[in-house]
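These notes concern the structure reproduced below.
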Amino acid sequence: MYSLASAEKTTTVIVYSRNKLIHVELVTKDNVRVSIWPRTQSMPNYIHMLKTEVLFFGGSPPRTLSYNEYYFPTERIVGFHLAPPASEELDYDPDEANRSLVEVEMVLGAFMLKGSVRLSTQTDFAAGLEMSHMTWLSVYQAEISNPFLPQMPAIRVPMLLVNPTQVSFGL
């Protein structure tokens, strides 16, 4: 089993890909704010995970896979958040002028997401997406569910990051 280095920590997170929900202990440096870590330049090509449970939607019924150590390609991450009940401070100033929260539904591969995104009041949703050129989009007061597994309870989190080029949006 992997032993943490002196400047490392683990944080329980949930990672989404097109056909997987991955519940893991993520290995990062001690000084990393994990909820926004994918936005940082310290993101490796593969994220290192411990005590991994993978819910794989590759057939019917979904399969669960377990690994002591797991490496997942960063480019395949569709969504990322701290596992409840953990939370960190949100990544915006609620008093910032000319911003509003817009309710949106998203399709993240096998998952449905309802939440709010923060956009400029000076533009519409489509223009905001096109102009932003962001790698990760914050979604607030998010509820994630899986239509293929209705018995799975919805996951509710104050914030998650999605890769906007890997999801589709419904207003």
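By order in the structure tokens, chains are A, B, ...; within a chain, residues start at 1; ligands start at 1, following the order shown.
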Item to complete: List the neighbours of Thr12 of chain A out to 10 Å using only C-alpha atoms; skip same-chain residues closer than 6 positions along the sequence, and give me the result as an MDAnalysis selection string.
Response: chainID A and resid 23:27 34 49:52 81:86
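Counting only C-alpha atoms, Glu88 of chain A has the following residues at most 10 Å away, ignoring those fewer than 2 positions along the same chain: Arg33, Val34, Ser35, Ile36, Leu82, Ala86, Leu90, Asp91, Pro158 and Met159 of chain A.
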Could you please take those selected residues and save N, CA, C and O atoms as a CSV table (one decimal), in the first residue's frame?
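Saved as result_13.csv:
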chain,number,residue,atom,x,y,z
A,33,ARG,N,-5.8,23.4,-2.0
A,33,ARG,CA,-7.3,23.6,-1.8
A,33,ARG,C,-8.0,22.6,-2.8
A,33,ARG,O,-8.1,22.9,-4.0
A,34,VAL,N,-8.4,21.5,-2.3
A,34,VAL,CA,-8.8,20.4,-3.1
A,34,VAL,C,-10.0,20.7,-4.0
A,34,VAL,O,-10.1,20.3,-5.1
A,35,SER,N,-11.0,21.4,-3.5
A,35,SER,CA,-12.2,21.7,-4.2
A,35,SER,C,-12.0,22.4,-5.5
A,35,SER,O,-12.8,22.3,-6.5
A,36,ILE,N,-10.9,23.1,-5.7
A,36,ILE,CA,-10.5,23.8,-6.9
A,36,ILE,C,-9.2,23.3,-7.6
A,36,ILE,O,-8.7,23.9,-8.5
A,82,LEU,N,-15.7,17.5,-3.7
A,82,LEU,CA,-15.4,16.9,-2.4
A,82,LEU,C,-16.6,16.0,-2.0
A,82,LEU,O,-17.7,16.3,-2.3
A,86,ALA,N,-18.0,16.8,3.5
A,86,ALA,CA,-16.9,17.8,3.5
A,86,ALA,C,-17.3,19.0,2.5
A,86,ALA,O,-18.0,18.8,1.6
A,90,LEU,N,-16.7,28.6,-0.9
A,90,LEU,CA,-17.0,28.7,-2.3
A,90,LEU,C,-16.0,29.6,-3.0
A,90,LEU,O,-15.3,30.4,-2.3
A,91,ASP,N,-15.9,29.5,-4.3
A,91,ASP,CA,-14.8,30.1,-5.0
A,91,ASP,C,-15.2,31.5,-5.6
A,91,ASP,O,-14.7,31.9,-6.7
A,158,PRO,N,-22.4,21.6,-2.3
A,158,PRO,CA,-22.5,23.1,-2.4
A,158,PRO,C,-21.7,23.5,-3.7
A,158,PRO,O,-22.1,24.6,-4.3
A,159,MET,N,-20.7,22.8,-4.2
A,159,MET,CA,-20.0,23.2,-5.3
A,159,MET,C,-19.3,22.0,-6.0
A,159,MET,O,-18.8,21.1,-5.3
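The environment of segment 160-167 of chain A within 6 Å, counting only C-alpha atoms and disregarding residues fewer than 3 places along the same chain, consists of Val78, Gly79, Phe80, His81, Val107, Leu108, Trp136, Leu137, Ser138 and Val139 of chain A.
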Discussion item. Restricting the calculation to only C-alpha atoms: of A:Pro61, A:Arg18, A:Leu129, A:Thr10, which residue gets closest to His48 of chain A?
Written reply: A:Thr10
Worksheet item: If you run DSSP on this backbone, which residues of chain A come out as strand (DSSP E), and could you give them as an NGL selection string?
Response: :A and (8-16 or 20-29 or 46-56 or 63-73 or 79-82 or 99-108 or 111-120 or 137-145 or 155-162 or 168-170)
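The nearest approach to Lys20 of chain A among the residues A:Ile47, A:Leu65, A:Ala5, A:Leu101, with only C-alpha atoms taken into account, belongs to A:Leu65.
Using only C-alpha atoms for every distance, the candidate list A:Tyr70, A:Arg156, A:Arg39, A:Thr121 yields A:Arg39 as the residue closest to Met134 of chain A.
Shell of Asn19 of chain A at 7 Å, with only C-alpha atoms counted and residues fewer than 5 places along the chain excluded, is Phe56, Phe57, Gly58, Gly109 and Ala110 of chain A.
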Item to complete: Apply DSSP to the backbone of this structure and, from segment 20-163 of chain A, keep only the residues in helix (DSSP H, G or I); write these as number ranges by chain.
Response: A: 34-39, 74-76, 125-132
Discussion item. Calculated over only C-alpha atoms, which of the candidates A:Phe111, A:Trp37, A:Tyr2, A:Phe169 has the smallest distance to Leu21 of chain A?
Written reply: A:Phe111
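Take atom CA of Phe72 of chain A and atom CA of Ser17 of chain A: the distance between them is 9.7 Å.
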Discussion item. So the first atom is atom CA of Pro147 of chain A and the second is atom CA of Lys114 of chain A; what is the distance between them in Å, to one decimal place?
Written reply: 12.9 Å
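We find atom CA of Val157 of chain A and atom CA of Val104 of chain A to be spaced 15.0 Å apart.
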